[in-house]
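One file, start-v2.cif, carrying mmCIF, C-alpha atoms:
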data_work
#
loop_
_atom_site.label_atom_id
_atom_site.label_comp_id
_atom_site.auth_asym_id
_atom_site.auth_seq_id
_atom_site.Cartn_x
_atom_site.Cartn_y
_atom_site.Cartn_z
CA MET A 1 -220.76 145.89 129.37
CA ASN A 2 -218.77 144.85 132.39
CA PRO A 3 -215.09 145.62 131.66
CA ARG A 4 -214.01 142.32 133.23
CA HIS A 5 -216.41 140.50 130.89
CA THR A 6 -214.95 142.39 127.90
CA ASP A 7 -211.48 141.38 129.03
CA GLN A 8 -212.54 137.74 129.23
CA ILE A 9 -213.99 137.84 125.75
CA SER A 10 -210.87 139.44 124.35
CA ASP A 11 -208.81 136.89 126.28
CA GLU A 12 -210.57 134.02 124.56
CA LYS A 13 -210.39 135.77 121.19
CA LEU A 14 -206.71 136.45 121.67
CA ARG A 15 -206.02 132.92 122.76
CA THR A 16 -207.74 131.66 119.60
CA ALA A 17 -205.97 134.20 117.41
CA LEU A 18 -202.57 133.31 118.87
CA LYS A 19 -203.23 129.58 118.53
CA PRO A 20 -201.01 129.22 115.42
CA LEU A 21 -198.05 130.35 117.53
CA ARG A 22 -198.88 127.72 120.13
CA GLY A 23 -198.65 124.99 117.50
CA VAL A 24 -195.30 126.14 116.14
CA LYS A 25 -192.74 123.35 115.95
CA ALA A 26 -189.00 123.78 116.02
CA PRO A 27 -187.26 122.95 112.71
CA PRO A 28 -186.95 119.17 112.16
CA ASP A 29 -183.15 119.12 112.49
CA PHE A 30 -183.15 121.38 115.54
CA ALA A 31 -182.01 118.75 118.10
CA SER A 32 -179.03 117.68 115.99
CA ARG A 33 -178.21 121.33 115.35
CA VAL A 34 -178.15 121.99 119.09
CA ALA A 35 -175.97 118.90 119.65
CA ARG A 36 -173.48 120.14 117.04
CA ALA A 37 -173.46 123.63 118.57
CA CYS A 38 -172.83 122.19 122.06
CA ALA A 39 -169.96 120.05 120.78
CA ALA A 40 -168.43 123.06 119.03
CA ASP A 41 -168.86 125.14 122.18
CA ASP A 42 -167.09 122.48 124.26
CA ALA A 43 -164.17 122.36 121.82
CA ARG A 44 -163.94 126.16 121.74
CA ARG A 45 -163.85 126.39 125.52
CA ARG A 46 -161.19 123.67 125.75
CA ARG A 47 -159.03 125.51 123.20
CA ARG A 48 -159.54 128.76 125.08
CA ARG A 49 -158.45 127.20 128.38
CA LEU A 50 -155.34 125.79 126.72
CA PHE A 51 -154.54 129.13 125.14
CA LEU A 52 -155.04 130.92 128.45
CA ARG A 53 -152.84 128.49 130.31
CA ALA A 54 -150.13 128.79 127.66
CA SER A 55 -150.28 132.59 127.60
CA ILE A 56 -150.18 132.90 131.36
CA THR A 57 -147.32 130.41 131.63
CA GLY A 58 -145.38 132.29 128.96
CA LEU A 59 -146.09 135.65 130.48
CA ALA A 60 -145.20 134.52 133.97
CA ALA A 61 -141.97 132.96 132.68
CA VAL A 62 -140.98 136.19 130.95
CA LEU A 63 -141.81 138.25 134.02
CA VAL A 64 -140.01 135.90 136.34
CA LEU A 65 -136.91 136.01 134.15
CA ALA A 66 -137.10 139.79 133.87
CA VAL A 67 -137.52 140.35 137.58
CA TRP A 68 -135.45 137.64 139.19
CA ASN A 69 -132.50 137.28 136.83
CA PRO A 70 -129.52 138.39 138.97
CA TRP A 71 -127.67 139.89 135.96
CA HIS A 72 -130.54 142.15 135.03
CA GLY A 73 -132.08 142.78 138.39
CA PRO A 74 -135.61 144.01 139.00
CA LEU A 75 -137.16 145.55 135.90
CA GLY A 76 -134.05 145.38 133.77
CA ARG A 77 -131.67 147.33 135.96
CA ARG A 78 -128.20 146.35 134.83
CA PRO A 79 -125.47 146.59 137.45
CA SER A 80 -122.11 147.91 136.32
CA ALA A 81 -120.47 144.51 136.86
CA PRO A 82 -122.13 141.10 137.10
CA PRO A 83 -122.18 139.81 140.68
CA ARG A 84 -120.00 136.84 141.46
CA THR A 85 -122.66 135.16 143.50
CA VAL A 86 -126.40 135.03 143.09
CA ALA A 87 -127.60 137.41 145.73
CA VAL A 88 -131.20 138.32 145.19
CA GLY A 89 -132.27 140.72 147.88
CA THR A 90 -128.80 141.87 148.85
CA SER A 91 -127.89 143.90 145.74
CA TYR A 92 -131.11 145.90 145.80
CA SER A 93 -132.73 147.94 148.42
CA PRO A 94 -136.00 146.66 149.95
CA ALA A 95 -137.78 149.62 148.37
CA GLU A 96 -136.63 148.55 144.89
CA ILE A 97 -137.69 144.96 145.46
CA ALA A 98 -141.04 146.05 146.85
CA SER A 99 -141.60 148.33 143.86
CA ALA A 100 -140.72 145.56 141.40
CA ARG A 101 -142.97 143.16 143.23
CA ARG A 102 -145.85 145.64 143.16
CA GLN A 103 -145.45 146.14 139.43
CA LEU A 104 -145.30 142.40 138.83
CA VAL A 105 -148.46 141.87 140.82
CA TRP A 106 -150.19 144.68 138.98
CA THR A 107 -149.14 143.35 135.54
CA LEU A 108 -150.23 139.83 136.42
CA ALA A 109 -153.55 141.06 137.78
CA VAL A 110 -154.26 143.16 134.70
CA THR A 111 -153.29 140.31 132.37
CA ASP A 112 -155.39 137.95 134.39
CA ARG A 113 -158.40 140.24 134.23
CA ILE A 114 -158.00 140.81 130.51
CA LEU A 115 -157.65 137.13 129.73
CA ASP A 116 -160.09 135.45 132.07
CA ARG A 117 -161.06 135.69 135.73
CA SER A 118 -161.25 131.93 135.96
CA SER A 119 -157.51 131.60 135.40
CA HIS A 120 -156.51 132.34 139.01
CA ARG A 121 -155.97 128.65 139.59
CA ALA A 122 -153.75 128.34 136.53
CA LEU A 123 -151.85 131.43 137.56
CA ALA A 124 -151.37 130.13 141.07
CA ASP A 125 -150.07 126.85 139.60
CA VAL A 126 -147.65 128.71 137.39
CA LEU A 127 -146.41 130.92 140.19
CA GLY A 128 -146.11 127.91 142.47
CA ARG A 129 -143.82 126.17 140.02
CA ARG A 130 -141.67 129.10 138.94
CA ILE A 131 -141.15 131.26 141.99
CA PRO A 132 -139.85 130.29 145.43
CA GLY A 133 -142.62 129.37 147.87
CA THR A 134 -142.79 132.44 150.07
CA ILE A 135 -142.77 134.89 147.19
CA SER A 136 -145.27 132.84 145.24
CA ARG A 137 -147.68 132.73 148.17
CA SER A 138 -147.34 136.43 148.77
CA LEU A 139 -147.86 137.20 145.06
CA THR A 140 -150.84 134.92 144.77
CA ARG A 141 -152.38 136.45 147.88
CA ALA A 142 -151.84 139.96 146.58
CA LEU A 143 -153.19 138.96 143.18
CA HIS A 144 -156.36 137.52 144.64
CA ARG A 145 -156.82 140.63 146.72
CA THR A 146 -156.45 142.76 143.58
CA ALA A 147 -158.82 140.62 141.57
CA LYS A 148 -161.48 140.92 144.27
CA GLY A 149 -161.13 144.68 144.03
CA ASN A 150 -159.73 145.38 147.49
CA SER A 151 -156.80 147.41 146.30
CA MET B 1 -171.17 111.84 130.54
CA ASN B 2 -173.47 109.60 128.53
CA THR B 3 -176.28 109.98 131.05
CA LEU B 4 -175.76 113.74 131.04
CA HIS B 5 -175.83 113.71 127.25
CA GLU B 6 -178.97 111.57 127.13
CA ASN B 7 -180.68 113.77 129.71
CA PHE B 8 -179.75 116.84 127.73
CA THR B 9 -181.08 115.37 124.49
CA ALA B 10 -184.34 114.53 126.26
CA THR B 11 -184.51 118.07 127.71
CA VAL B 12 -184.01 119.60 124.26
CA ALA B 13 -186.71 117.37 122.80
CA ALA B 14 -189.11 118.30 125.62
CA HIS B 15 -188.64 122.07 125.48
CA GLN B 16 -187.51 122.92 121.96
CA ASP B 17 -190.95 123.74 120.55
CA ARG B 18 -191.91 126.11 123.38
CA VAL B 19 -188.55 127.86 123.42
CA TYR B 20 -188.64 128.21 119.65
CA ALA B 21 -192.23 129.52 119.75
CA LEU B 22 -191.27 132.16 122.33
CA ALA B 23 -188.29 133.25 120.22
CA LEU B 24 -190.41 133.29 117.06
CA GLY B 25 -193.12 135.33 118.76
CA MET B 26 -190.59 137.87 119.93
CA LEU B 27 -188.35 138.08 116.86
CA ARG B 28 -190.93 137.33 114.12
CA ASP B 29 -188.27 135.61 112.01
CA ARG B 30 -187.82 131.85 111.81
CA ASP B 31 -184.05 131.82 111.21
CA ASP B 32 -183.35 134.27 114.01
CA ALA B 33 -185.69 132.36 116.31
CA ALA B 34 -183.86 129.08 115.58
CA ASP B 35 -180.51 130.76 116.27
CA VAL B 36 -181.68 132.23 119.57
CA ALA B 37 -183.34 128.98 120.70
CA GLN B 38 -180.14 127.11 119.85
CA GLU B 39 -178.08 129.58 121.87
CA ALA B 40 -180.43 129.16 124.85
CA PHE B 41 -179.82 125.39 124.80
CA VAL B 42 -176.06 125.86 124.43
CA ARG B 43 -176.18 128.02 127.59
CA LEU B 44 -178.09 125.24 129.31
CA TRP B 45 -175.43 122.75 128.21
CA ARG B 46 -172.73 125.00 129.67
CA LYS B 47 -174.62 125.10 132.97
CA GLY B 48 -174.56 121.29 133.13
CA ASP B 49 -176.81 119.99 135.90
CA ARG B 50 -176.69 123.24 137.88
CA VAL B 51 -180.22 124.19 136.83
CA PRO B 52 -182.70 122.25 139.00
CA GLY B 53 -185.27 120.24 137.07
CA GLU B 54 -188.29 122.09 138.39
CA ARG B 55 -186.75 125.49 137.48
CA LEU B 56 -185.66 124.36 134.04
CA ALA B 57 -188.56 125.71 131.96
CA PRO B 58 -188.60 129.18 133.61
CA TRP B 59 -184.80 129.32 133.33
CA LEU B 60 -184.96 128.49 129.62
CA TYR B 61 -187.70 131.06 129.01
CA ARG B 62 -185.78 133.73 130.88
CA VAL B 63 -182.58 133.04 128.92
CA THR B 64 -184.51 132.99 125.63
CA HIS B 65 -186.25 136.24 126.55
CA ASN B 66 -182.93 137.94 127.37
CA LEU B 67 -181.28 136.60 124.22
CA CYS B 68 -184.21 137.90 122.16
CA LEU B 69 -183.88 141.35 123.75
CA ASP B 70 -180.15 141.35 122.89
CA HIS B 71 -180.91 140.24 119.36
CA LEU B 72 -183.56 142.93 118.87
CA ARG B 73 -181.17 145.57 120.23
CA ARG B 74 -178.50 144.46 117.74
CA ARG B 75 -181.04 144.39 114.92
CA ASN B 76 -182.23 147.91 115.73
CA LEU B 77 -178.66 149.15 115.85
CA ALA B 78 -177.98 147.59 112.45
CA LEU B 79 -181.15 149.17 111.05
CA LYS B 80 -180.09 152.55 112.42
CA ARG B 81 -176.65 152.19 110.89
CA LEU B 82 -177.74 150.82 107.52
CA GLY B 83 -181.11 152.58 107.24
CA GLN B 84 -184.49 150.98 106.64
CA PRO B 85 -184.60 148.32 103.90
CA ASP B 86 -186.14 149.17 100.55
CA PRO B 87 -189.90 148.41 100.89
CA GLU B 88 -190.06 147.12 97.30
CA ALA B 89 -187.25 144.66 97.99
CA VAL B 90 -188.96 143.56 101.19
CA GLU B 91 -192.19 143.03 99.28
CA ARG B 92 -190.36 141.04 96.58
CA LEU B 93 -188.51 138.85 99.08
CA SER B 94 -191.35 138.33 101.57
CA VAL B 95 -192.62 134.79 102.10
CA PRO B 96 -196.19 134.15 100.85
CA ALA B 97 -198.76 133.96 103.64
CA ASP B 98 -199.68 130.32 102.95
CA ASP B 99 -196.02 129.19 102.99
CA PRO B 100 -195.27 127.00 106.03
CA ALA B 101 -192.03 128.95 106.45
CA GLY B 102 -193.99 132.21 106.66
CA ASP B 103 -195.50 133.96 109.65
CA PRO B 104 -197.92 131.66 111.48
CA LEU B 105 -200.06 134.60 112.64
CA PRO B 106 -202.59 136.60 110.62
CA ALA B 107 -201.00 139.78 109.23
CA PRO B 108 -202.88 142.38 111.36
CA LEU B 109 -202.15 140.48 114.56
CA ALA B 110 -198.50 140.01 113.59
CA ALA B 111 -198.22 143.74 112.86
CA ALA B 112 -199.85 144.58 116.20
CA LEU B 113 -197.47 142.23 118.00
CA ASP B 114 -194.57 143.97 116.26
CA ARG B 115 -195.81 147.31 117.57
CA LEU B 116 -195.71 146.12 121.18
CA PRO B 117 -192.56 146.67 123.23
CA ALA B 118 -190.39 143.54 123.24
CA ARG B 119 -190.99 142.83 126.93
CA THR B 120 -194.77 143.11 126.52
CA ARG B 121 -194.65 140.88 123.44
CA SER B 122 -192.85 138.26 125.47
CA LEU B 123 -195.41 138.64 128.23
CA VAL B 124 -198.31 138.09 125.80
CA ILE B 125 -196.70 134.97 124.36
CA LEU B 126 -195.84 133.51 127.75
CA HIS B 127 -199.38 134.11 128.97
CA TYR B 128 -201.41 133.10 125.93
CA CYS B 129 -199.17 130.51 124.28
CA GLN B 130 -197.20 129.00 127.15
CA ASP B 131 -200.11 129.22 129.63
CA MET B 132 -197.97 130.76 132.34
CA LYS B 133 -199.59 132.47 135.30
CA LEU B 134 -199.11 136.21 135.69
CA ALA B 135 -197.19 135.77 138.96
CA GLU B 136 -194.77 133.35 137.25
CA ILE B 137 -194.33 135.78 134.36
CA ALA B 138 -193.69 138.64 136.79
CA GLU B 139 -190.95 136.62 138.49
CA LEU B 140 -189.49 135.50 135.19
CA LEU B 141 -189.34 138.98 133.65
CA GLY B 142 -188.32 140.69 136.88
CA MET B 143 -191.47 142.85 136.96
CA SER B 144 -194.01 143.48 139.69
CA LEU B 145 -197.40 141.78 139.38
CA PRO B 146 -199.32 145.08 138.94
CA ALA B 147 -196.85 146.11 136.21
CA VAL B 148 -197.46 142.81 134.41
CA LYS B 149 -201.22 143.27 134.68
CA THR B 150 -201.04 146.82 133.35
CA ALA B 151 -198.77 145.83 130.45
CA LEU B 152 -201.06 142.92 129.59
CA HIS B 153 -204.13 145.16 129.70
CA ARG B 154 -202.50 147.62 127.28
CA ALA B 155 -201.34 144.80 125.03
CA ARG B 156 -204.85 143.35 124.98
CA LYS B 157 -206.22 146.70 123.87
CA VAL B 158 -203.74 146.97 120.97
CA LEU B 159 -204.27 143.36 119.90
CA ARG B 160 -208.06 143.59 120.21
CA GLU B 161 -208.07 146.61 117.91
CA ALA B 162 -205.86 144.73 115.48
CA LEU B 163 -208.21 141.76 115.55
CA GLN B 164 -211.22 144.01 114.95
CA SER B 165 -209.55 145.82 112.05
CA GLY B 166 -208.45 142.45 110.65
CA ALA B 167 -212.01 141.17 110.83
CA ALA B 168 -213.25 144.36 109.14
CA VAL B 169 -210.72 143.94 106.31
CA ALA B 170 -211.70 140.28 105.92
CA GLY B 171 -215.38 141.30 105.80
CA GLN B 172 -214.71 143.91 103.12
CA THR B 173 -212.70 141.38 101.11
CA LEU B 174 -215.59 138.92 101.27
CA GLU B 175 -218.07 141.62 100.23
CA THR B 176 -216.03 142.77 97.23
CA GLY B 177 -215.21 139.16 96.34
CA THR B 178 -211.47 139.82 95.92
#

As C-alpha cells, the full file:
Amino acid sequence: MNPRHTDQISDEKLRTALKPLRGVKAPPDFASRVARACAADDARRRRRRLFLRASITGLAAVLVLAVWNPWHGPLGRRPSAPPRTVAVGTSYSPAEIASARRQLVWTLAVTDRILDRSSHRALADVLGRRIPGTISRSLTRALHRTAKGNS
Amino acid sequence: MNTLHENFTATVAAHQDRVYALALGMLRDRDDAADVAQEAFVRLWRKGDRVPGERLAPWLYRVTHNLCLDHLRRRNLALKRLGQPDPEAVERLSVPADDPAGDPLPAPLAAALDRLPARTRSLVILHYCQDMKLAEIAELLGMSLPAVKTALHRARKVLREALQSGAAVAGQTLETGT
C-alpha cells in the first residue's frame, strides 16, 4: 500500500480517536476563576511595587545618611573632632570620595538587581529627591550603566 | 478599563476551551490543566493589549505549551524526589472511565500519548484537535518544518499501534463476553 495513503488513513483514524479531546470544555466556573486570579495578580503586583518603592527609599535614605553625614564621613569614617562647618568634599581626599561613591553605586545596583529591574525609575526619583542634583545625575547614570552590564 | 475588562472576558470565553484542551492533552490531568490554562490567561491579562488580535491564539497556545513543559518538569522532579506512587493506591483513587471528570480518551490512546515526548504530544494535539497547519505549529514550537513532520510521523506510528492494540483488546473482550 502506498505509504502516503496509509498515513492518510491513520490521519483520519487518529482524528476520530482524538475527537473526545476536541470536544473538551473548560470547567463551568473557569471564566470567573480567571477573573479572580487576574484581580489577585493585580493586587499582588501593586503591593510588590509599593514594597519595592518603600525598600529602595529606605535603603537610599540610609546610604545617603551614611555617606553624606559630615560627622561620620564616607562609609562611617569618624574624624577626631567634629568639623565646625559642613564641608563635604574638603575634609576628604578625592580618592576617598570616589571610592565611597563607587561603593554606593555598586550597593544600589546590586540592591536594584535583587529587588527588581523595573525599579530604576523609582530609584532615580529617590536619588533625585535626596541627593544634590549633580551627584544624583552622576549616580543614576553610573547605575544605569551598571544595570545594562557595561561595567 | 471597563472596555479592556470586557474585551478580556470575551477573549477568555472565546479561547478557554481550546487552551484547556491543549493543557489537558499535554498534562492528562484536569486539575493541572485548569491551573495551567488559568495561568496562561493571567499572563495575557498582564500583557494588556500588547498582544495583537490576530496573534492572540498562537500566543496563548505557545504560553500554554511552555507552562505545560514547566509543569511536567516540576512533576517529574517531584516524582524523582518522592518516588513513584503506590500502584494499588493509584488504582484505588483512579477515576472510573465513564466518569465525566475522567480521561476523555480511550485508555490505550491515552497511554500512547503519555509515552510521547511532551513537545510531540503538544504537536499532535495542535494538529489533530486545534486544526493548526504544520508550518504554524513549527513557528509556534520553534521547530523546523521537517522536524515537525518527522516528529508527527513518529507520533502517528506510536498512536496507530496503540489504536490497533486497543481495537484488538476490544475485539477479544467482545469475543469472551466480559

Translate the PyMOL selection byres ((chain A) within 12 of (chain B)), as applied to the file shown, into an explicit residue set as a PyMOL selection string.
chain A and resi 3-4+6-45

So how far away is atom CA of Asp114 of chain B from atom CA of Arg55 of chain B, in Å?
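Computing it gives 29.2 Å between the two atoms.
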
Coordinates-based distance that separates atom CA of Leu134 of chain B from atom CA of Ala155 of chain B (Å, one decimal)
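For atom CA of Ala155 of chain B relative to atom CA of Leu134 of chain B, the distance reads 13.9 Å.
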
For the atom pair atom CA of Leu72 of chain B and atom CA of Gly53 of chain B, what is the interatomic distance in Å to one decimal place?
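Taking atom CA of Leu72 of chain B as the start and atom CA of Gly53 of chain B as the end point, the length is 29.1 Å.
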